[in-house]
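Structure file model.tsv with TSV, C-alpha atoms:
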```
chain	number	residue	atom	x	y	z
A	5	MET	CA	104.08	124.45	147.14
A	6	GLY	CA	106.28	125.08	144.11
A	7	ARG	CA	106.57	121.34	143.42
A	8	MET	CA	102.78	120.91	143.66
A	9	ALA	CA	102.15	123.78	141.22
A	10	LEU	CA	104.68	122.31	138.79
A	11	ARG	CA	102.98	118.88	139.01
A	12	ARG	CA	99.57	120.46	138.30
A	13	ARG	CA	100.93	122.33	135.27
A	14	ARG	CA	102.43	119.10	133.88
A	15	THR	CA	99.15	117.24	134.35
A	16	MET	CA	97.16	119.98	132.57
A	17	THR	CA	99.69	120.10	129.69
A	18	ALA	CA	99.46	116.32	129.15
A	19	ALA	CA	95.67	116.45	129.15
A	20	LEU	CA	95.62	119.26	126.58
A	21	LEU	CA	98.12	117.39	124.36
A	22	ALA	CA	96.02	114.19	124.45
A	23	ALA	CA	92.90	116.14	123.55
A	24	THR	CA	94.69	117.85	120.66
A	25	VAL	CA	95.96	114.54	119.26
A	26	ALA	CA	92.51	112.95	119.55
A	27	ALA	CA	90.92	115.84	117.70
A	28	ALA	CA	93.52	115.70	114.94
A	29	LEU	CA	92.95	111.99	114.50
A	30	ALA	CA	89.22	112.48	114.36
A	31	SER	CA	89.34	115.27	111.78
A	32	GLY	CA	92.46	114.67	109.71
A	33	CYS	CA	92.74	110.95	108.94
A	34	THR	CA	89.41	110.31	107.27
A	35	THR	CA	87.39	111.88	104.51
A	36	ALA	CA	83.68	112.57	104.50
A	37	GLY	CA	81.62	109.55	105.45
A	38	ASN	CA	84.69	107.50	106.53
A	39	ARG	CA	85.63	106.89	102.89
A	40	LEU	CA	89.08	106.70	101.39
A	41	ASP	CA	89.96	107.94	97.92
A	42	ASP	CA	92.21	105.58	95.91
A	43	GLY	CA	91.74	107.37	92.59
A	44	ARG	CA	88.63	105.44	91.58
A	45	GLY	CA	86.08	107.59	93.44
A	46	ASP	CA	84.64	106.91	96.87
A	47	VAL	CA	85.42	103.45	98.17
A	48	PRO	CA	84.16	102.27	101.58
A	49	ASP	CA	86.83	102.23	104.27
A	50	SER	CA	87.36	98.88	105.97
A	51	THR	CA	86.69	100.61	109.30
A	52	ASP	CA	83.16	101.67	108.31
A	53	SER	CA	80.52	100.61	110.77
A	54	GLY	CA	78.14	97.86	109.77
A	55	SER	CA	78.43	94.18	109.01
A	56	PRO	CA	81.19	92.88	106.71
A	57	GLU	CA	78.52	91.72	104.28
A	58	SER	CA	77.57	95.35	103.58
A	59	VAL	CA	80.86	95.99	101.77
A	60	ALA	CA	81.20	94.25	98.38
A	61	PRO	CA	84.62	92.65	97.90
A	62	ARG	CA	86.79	94.17	95.22
A	63	ALA	CA	87.61	92.16	92.11
A	64	PRO	CA	91.24	91.09	91.75
A	65	SER	CA	93.43	92.93	89.26
A	66	PRO	CA	94.50	91.33	85.96
A	67	LEU	CA	97.69	91.89	83.97
A	68	ALA	CA	97.41	93.71	80.64
A	69	VAL	CA	100.41	93.74	78.30
A	70	LYS	CA	100.87	95.82	75.14
A	71	ILE	CA	102.35	93.46	72.55
A	72	ASP	CA	104.17	94.41	69.38
A	73	ASN	CA	102.51	93.06	66.23
A	74	VAL	CA	104.54	94.15	63.22
A	75	PRO	CA	106.15	91.31	61.20
A	76	ALA	CA	109.57	91.98	62.75
A	77	ALA	CA	108.11	91.29	66.21
A	78	ARG	CA	106.81	87.83	65.36
A	79	PRO	CA	106.66	85.16	66.60
A	80	GLN	CA	105.41	86.49	69.93
A	81	THR	CA	105.96	84.92	73.34
A	82	GLY	CA	103.21	83.97	75.81
A	83	LEU	CA	100.35	85.09	73.57
A	84	ASP	CA	98.66	81.68	73.75
A	85	ALA	CA	98.28	81.97	77.56
A	86	ALA	CA	96.19	85.16	77.48
A	87	ASP	CA	92.52	85.02	78.45
A	88	ILE	CA	91.65	87.90	76.10
A	89	VAL	CA	93.52	89.39	73.17
A	90	TYR	CA	92.38	92.79	71.88
A	91	ALA	CA	93.52	93.90	68.42
A	92	GLU	CA	93.49	97.63	67.74
A	93	GLN	CA	94.56	99.91	64.92
A	94	VAL	CA	97.56	102.19	65.45
A	95	GLU	CA	99.54	104.65	63.32
A	96	GLY	CA	99.90	103.99	59.62
A	97	GLY	CA	97.01	101.51	59.65
A	98	LEU	CA	99.12	98.90	61.49
A	99	SER	CA	97.92	96.84	64.43
A	100	ARG	CA	98.93	96.29	68.04
A	101	LEU	CA	97.70	93.81	70.62
A	102	MET	CA	96.57	94.14	74.22
A	103	ALA	CA	96.78	90.74	75.93
A	104	VAL	CA	94.99	90.30	79.27
A	105	TYR	CA	96.12	87.59	81.71
A	106	ALA	CA	94.07	86.39	84.67
A	107	THR	CA	93.92	82.59	84.89
A	108	LYS	CA	97.53	81.76	84.00
A	109	LEU	CA	100.86	83.53	83.73
A	110	PRO	CA	103.49	82.32	81.24
A	111	LYS	CA	107.19	82.59	82.02
A	112	ALA	CA	107.65	85.43	79.54
A	113	ILE	CA	105.46	87.78	77.47
A	114	GLY	CA	106.38	89.95	74.55
A	115	PRO	CA	107.69	91.74	72.66
A	116	VAL	CA	106.33	94.57	74.83
A	117	ARG	CA	105.64	97.90	73.13
A	118	SER	CA	104.21	101.32	73.90
A	119	ALA	CA	100.72	102.28	75.07
A	120	ARG	CA	98.07	104.37	73.33
A	121	GLU	CA	95.42	106.79	74.61
A	122	SER	CA	92.49	104.48	73.88
A	123	ASP	CA	94.08	101.76	76.05
A	124	LEU	CA	93.11	103.77	79.11
A	125	GLU	CA	89.41	103.68	78.23
A	126	LEU	CA	89.59	99.99	77.34
A	127	LEU	CA	91.21	99.06	80.67
A	128	ARG	CA	88.74	100.98	82.85
A	129	GLN	CA	86.46	97.92	82.82
A	130	PHE	CA	88.98	96.09	85.00
A	131	ASN	CA	89.69	96.75	88.68
A	132	LYS	CA	92.96	98.69	88.79
A	133	PRO	CA	94.79	96.44	86.29
A	134	THR	CA	98.54	96.26	85.98
A	135	LEU	CA	99.59	97.64	82.60
A	136	ALA	CA	102.96	96.47	81.28
A	137	PHE	CA	104.22	98.65	78.41
A	138	SER	CA	107.49	99.93	77.03
A	139	GLY	CA	106.57	103.60	77.42
A	140	ALA	CA	104.49	106.25	75.67
A	141	GLN	CA	104.94	109.67	74.18
A	142	GLY	CA	105.56	112.44	76.70
A	143	LYS	CA	102.15	114.12	76.44
A	144	LEU	CA	100.35	110.83	77.10
A	145	MET	CA	102.34	109.86	80.20
A	146	PRO	CA	100.47	112.26	82.55
A	147	LEU	CA	97.18	110.64	81.48
A	148	ILE	CA	98.60	107.20	82.20
A	149	ASP	CA	99.85	108.37	85.59
A	150	ARG	CA	96.36	109.61	86.51
A	151	ALA	CA	94.51	106.55	85.21
A	152	PRO	CA	93.10	104.01	87.70
A	153	LEU	CA	95.72	101.39	86.95
A	154	ARG	CA	99.20	100.28	87.96
A	155	ALA	CA	101.50	101.33	85.13
A	156	VAL	CA	104.83	99.49	84.94
A	157	SER	CA	107.35	100.33	82.23
A	158	PRO	CA	111.08	99.47	82.19
A	159	GLU	CA	111.73	102.90	83.69
A	160	ASP	CA	109.44	102.03	86.62
A	161	ASP	CA	110.82	98.56	87.30
A	162	GLY	CA	113.64	97.32	85.08
A	163	LYS	CA	113.95	94.03	86.98
A	164	VAL	CA	110.73	92.65	85.48
A	165	TYR	CA	111.90	93.20	81.88
A	166	TYR	CA	114.76	91.88	79.80
A	167	ARG	CA	116.08	92.27	76.26
A	168	GLY	CA	116.13	89.11	74.18
A	169	SER	CA	118.73	88.26	71.57
A	170	ASP	CA	116.29	86.81	69.03
A	171	LYS	CA	115.14	90.09	67.47
A	172	PRO	CA	116.58	93.58	66.98
A	173	THR	CA	115.62	96.50	69.20
A	174	PRO	CA	112.86	97.67	69.72
A	175	HIS	CA	111.22	94.30	69.03
A	176	ASN	CA	113.01	92.35	71.77
A	177	LEU	CA	111.68	93.65	75.10
A	178	TYR	CA	110.09	90.91	77.22
A	179	LEU	CA	108.24	90.79	80.54
A	180	ARG	CA	108.72	88.30	83.36
A	181	PRO	CA	105.20	88.34	84.84
A	182	GLU	CA	106.07	86.27	87.92
A	183	ARG	CA	108.33	89.14	89.04
A	184	LEU	CA	105.50	91.62	88.62
A	185	LEU	CA	102.54	89.85	90.24
A	186	LYS	CA	102.60	87.96	93.53
A	187	SER	CA	100.10	85.37	92.31
A	188	VAL	CA	97.78	84.47	89.44
A	189	PRO	CA	94.82	86.92	89.61
A	190	GLY	CA	92.12	84.35	88.81
A	191	ALA	CA	89.00	84.38	86.64
A	192	ASP	CA	87.24	86.91	88.90
A	193	ALA	CA	89.61	89.56	87.52
A	194	LEU	CA	87.90	89.33	84.11
A	195	THR	CA	85.25	91.98	84.73
A	196	THR	CA	84.58	92.44	81.02
A	197	GLY	CA	80.90	91.59	80.99
A	198	PHE	CA	81.55	88.56	78.77
A	199	LYS	CA	79.23	85.62	79.40
A	200	TYR	CA	80.16	82.00	78.72
A	201	GLY	CA	77.85	79.10	78.02
A	202	ALA	CA	75.95	77.23	75.35
A	203	ALA	CA	75.69	78.78	71.91
A	204	PRO	CA	72.41	80.51	71.07
A	205	ALA	CA	70.08	79.14	68.44
A	206	GLY	CA	70.68	80.10	64.84
A	207	GLY	CA	73.89	81.39	63.39
A	208	LYS	CA	75.37	80.64	59.99
A	209	ALA	CA	78.10	78.15	59.19
A	210	GLU	CA	81.44	79.96	58.84
A	211	SER	CA	84.82	78.42	58.06
A	212	THR	CA	86.94	81.56	57.75
A	213	ARG	CA	86.71	85.28	58.49
A	214	THR	CA	89.19	88.05	57.66
A	215	VAL	CA	89.24	91.50	59.26
A	216	ARG	CA	91.28	94.17	57.51
A	217	PHE	CA	92.97	97.29	58.80
A	218	PRO	CA	94.56	99.72	56.30
A	219	ALA	CA	97.96	98.01	56.68
A	220	ALA	CA	97.19	94.80	58.60
A	221	ARG	CA	94.78	91.90	58.51
A	222	PHE	CA	93.58	89.12	60.81
A	223	THR	CA	92.22	85.79	59.57
A	224	PHE	CA	90.46	83.18	61.68
A	225	ASP	CA	90.02	79.65	60.27
A	226	TRP	CA	87.77	77.13	61.98
A	227	ALA	CA	89.53	73.87	62.93
A	228	GLN	CA	86.87	71.27	63.60
A	229	ASP	CA	89.29	68.82	65.19
A	230	ARG	CA	90.44	71.41	67.74
A	231	GLN	CA	87.14	73.26	68.10
A	232	ARG	CA	89.12	76.45	67.79
A	233	TRP	CA	89.65	79.35	65.39
A	234	LEU	CA	93.25	79.27	64.15
A	235	VAL	CA	94.72	82.77	64.07
A	236	SER	CA	96.71	84.17	61.15
A	237	MET	CA	98.06	87.69	60.81
A	238	ASP	CA	98.99	89.37	57.54
A	239	GLY	CA	98.61	86.06	55.74
A	240	SER	CA	100.89	84.00	58.00
A	241	PRO	CA	99.87	81.49	60.71
A	242	THR	CA	100.27	82.97	64.19
A	243	VAL	CA	102.58	80.80	66.28
A	244	THR	CA	104.44	81.49	69.50
A	245	THR	CA	108.21	81.29	69.97
A	246	ASP	CA	107.81	77.75	71.35
A	247	GLY	CA	105.93	76.65	68.23
A	248	LYS	CA	102.35	76.67	69.53
A	249	ARG	CA	99.64	77.74	67.08
A	250	VAL	CA	97.53	80.52	68.57
A	251	ALA	CA	93.85	79.55	68.52
A	252	ALA	CA	90.73	81.22	69.91
A	253	SER	CA	87.55	79.64	71.22
A	254	THR	CA	85.59	82.80	70.43
A	255	VAL	CA	86.33	85.65	68.04
A	256	VAL	CA	84.48	88.96	68.30
A	257	VAL	CA	84.62	91.43	65.43
A	258	GLN	CA	83.40	94.54	67.25
A	259	TYR	CA	82.45	97.49	65.06
A	260	VAL	CA	83.43	100.74	66.76
A	261	ASN	CA	84.10	104.38	66.05
A	262	VAL	CA	87.78	104.89	65.20
A	263	ARG	CA	88.62	108.58	65.16
A	264	LYS	CA	91.70	110.77	65.20
A	265	SER	CA	93.23	111.50	68.57
A	266	SER	CA	95.22	114.53	69.64
A	267	PHE	CA	98.48	112.54	69.50
A	268	ARG	CA	100.93	111.81	66.68
A	269	ASP	CA	103.97	109.58	66.37
A	270	PHE	CA	107.49	110.86	65.67
A	271	LEU	CA	106.82	110.69	61.92
A	272	GLY	CA	103.77	112.91	62.25
A	273	ASN	CA	101.21	110.12	61.76
A	274	ASN	CA	98.04	110.60	63.75
A	275	THR	CA	97.29	108.03	66.44
A	276	PRO	CA	93.80	106.54	65.98
A	277	TYR	CA	91.50	106.55	69.00
A	278	THR	CA	89.30	103.45	69.30
A	279	ASN	CA	86.04	104.21	71.13
A	280	THR	CA	85.00	101.18	73.19
A	281	VAL	CA	82.25	102.93	75.15
A	282	GLY	CA	78.83	103.21	73.52
A	283	THR	CA	76.75	100.85	71.41
A	284	GLY	CA	77.16	99.08	68.10
A	285	THR	CA	77.09	95.81	66.21
A	286	ALA	CA	79.38	92.82	66.19
A	287	LYS	CA	80.01	89.46	64.56
A	288	VAL	CA	80.68	86.65	67.02
A	289	LEU	CA	82.45	83.51	65.79
A	290	ARG	CA	82.13	80.31	67.80
A	291	ASP	CA	81.57	76.61	67.15
A	292	GLY	CA	82.15	77.02	63.42
A	293	LYS	CA	79.37	79.58	63.09
A	294	VAL	CA	78.96	83.34	62.89
A	295	PHE	CA	76.30	85.15	64.91
A	296	ASP	CA	75.00	88.67	64.48
A	297	ALA	CA	75.23	90.53	67.78
A	298	GLY	CA	74.89	93.92	69.36
A	299	TRP	CA	77.18	95.40	71.98
A	300	LYS	CA	76.65	97.95	74.74
A	301	ARG	CA	79.03	99.57	77.20
A	302	PRO	CA	77.30	102.50	78.92
A	303	ALA	CA	80.35	103.85	80.77
A	304	ALA	CA	84.09	103.25	80.82
A	305	GLU	CA	83.96	101.42	84.15
A	306	ASP	CA	81.36	99.00	82.77
A	307	GLY	CA	82.02	95.75	80.97
A	308	THR	CA	80.72	95.20	77.44
A	309	GLU	CA	77.43	93.37	77.10
A	310	PHE	CA	76.93	91.37	73.91
A	311	THR	CA	73.43	90.29	72.90
A	312	THR	CA	71.83	88.29	70.11
A	313	THR	CA	69.41	89.85	67.65
A	314	ASP	CA	66.50	89.06	70.00
A	315	GLY	CA	68.19	90.73	72.97
A	316	SER	CA	69.31	87.55	74.75
A	317	PRO	CA	72.84	87.35	76.17
A	318	MET	CA	75.41	86.27	73.56
A	319	ASN	CA	77.36	83.47	75.24
A	320	PHE	CA	81.00	82.86	74.37
A	321	ALA	CA	82.72	79.47	74.24
A	322	GLU	CA	85.11	78.73	77.11
A	323	GLY	CA	88.72	79.54	76.25
A	324	GLN	CA	90.73	82.38	74.75
A	325	VAL	CA	88.70	85.26	73.32
A	326	TRP	CA	89.97	87.52	70.54
A	327	VAL	CA	88.31	90.92	70.12
A	328	VAL	CA	89.19	92.74	66.90
A	329	PHE	CA	88.10	96.39	66.84
A	330	ALA	CA	86.92	97.07	63.28
A	331	LYS	CA	85.92	100.47	62.01
A	332	ALA	CA	82.14	100.85	61.92
```
Taking this structure as input, can you express it in the form of structure tokens?
Amino acid sequence: MGRMALRRRRTMTAALLAATVAAALASGCTTAGNRLDDGRGDVPDSTDSGSPESVAPRAPSPLAVKIDNVPAARPQTGLDAADIVYAEQVEGGLSRLMAVYATKLPKAIGPVRSARESDLELLRQFNKPTLAFSGAQGKLMPLIDRAPLRAVSPEDDGKVYYRGSDKPTPHNLYLRPERLLKSVPGADALTTGFKYGAAPAGGKAESTRTVRFPAARFTFDWAQDRQRWLVSMDGSPTVTTDGKRVAASTVVVQYVNVRKSSFRDFLGNNTPYTNTVGTGTAKVLRDGKVFDAGWKRPAAEDGTEFTTTDGSPMNFAEGQVWVVFAKA
């Protein structure tokens, strides 16, 4: 009788344990509505009921690299391989570049420099991009850590960076992108809202255009034989370390609100904040012409829609796009 009672107690204990585990799994491993939170809001779980077609596939993630742009940092490496190059104003009226890579990855990119607050808003239009940067001031780092992106600095992964011998520190930090990404993201990673195609009607012939910051300037000269805008910075032709002239198929001069941020550099200079969400005007250079355009980006997670004066989509020419954020 004692053995039978012991067997019954063991059976009841096992049943209670199984029920407890099943309840914990049912209540503790999912969030409301079978949705998982990855930092970008509610995203459908792959175990949701329904057909696979009901869940939209996520866009791949591009690589964004902050690139030094003072004279001591030039010539840069890998800049010609970027799909998009953003030029923004930083402290002292100088400029810095954000190069976005999706369709090709060069062997090296750089010199890599530090991030700014407005980079986080700019990058929200991409799906969890990888941001390669040399660091940021201490008060900004918590914002970067909370942003919906993969932040990789030398402190995070020193194996993907190296110091070159061609320039003095801090202008000699380079990225090996093939050690950072498993594969080339592809064109689907460019969720910017840009549209490519035939040029709209109209436009005015344009052979050169210069955009000035307080202590920097960008010039784009139309080369008919190459069907490209040759890039110059601060009066000098922009070439890469392997001698390639940097040239854009489309140049966008986007007029935006540039205001003071709550951050300063070590010299006490205020860091400008470039607002890329909202509406405004732009000049679009393509095919040896300049077109008046408007731009609209309703929210940070949206791409930027460019339109002609009659409201039609403003198509870009296929190839590298430069976007220079000019003060409205």
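Relative to atom CA of A:Arg230, atom CA of A:Val116 is found at 29.0 Å.
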Looking at only C-alpha atoms, which of A:Lys70, A:Lys171, A:Arg263, A:Arg78 is the one that sits closest to A:Arg100? A:Lys70
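Put simply, atom CA of A:Arg183 is 27.3 Å away from atom CA of A:Glu92.
If all atoms listed in the file are the atoms counted, then among A:Phe267, A:Tyr259, A:Phe198, A:Trp299 the closest residue to A:Leu144 is A:Phe267.
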Once you count all atoms listed in the file, which residues end up no further than 9 Å from (86.2, 100.3, 58.9) in the file's frame, shown as a PyMOL selection string? chain A and resi 216-218+259-262+330-332
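Near (80.8, 72.5, 64.8), the residues that fall inside 7 Å on the basis of only C-alpha atoms are Gln228, Asp291 and Gly292 of chain A.
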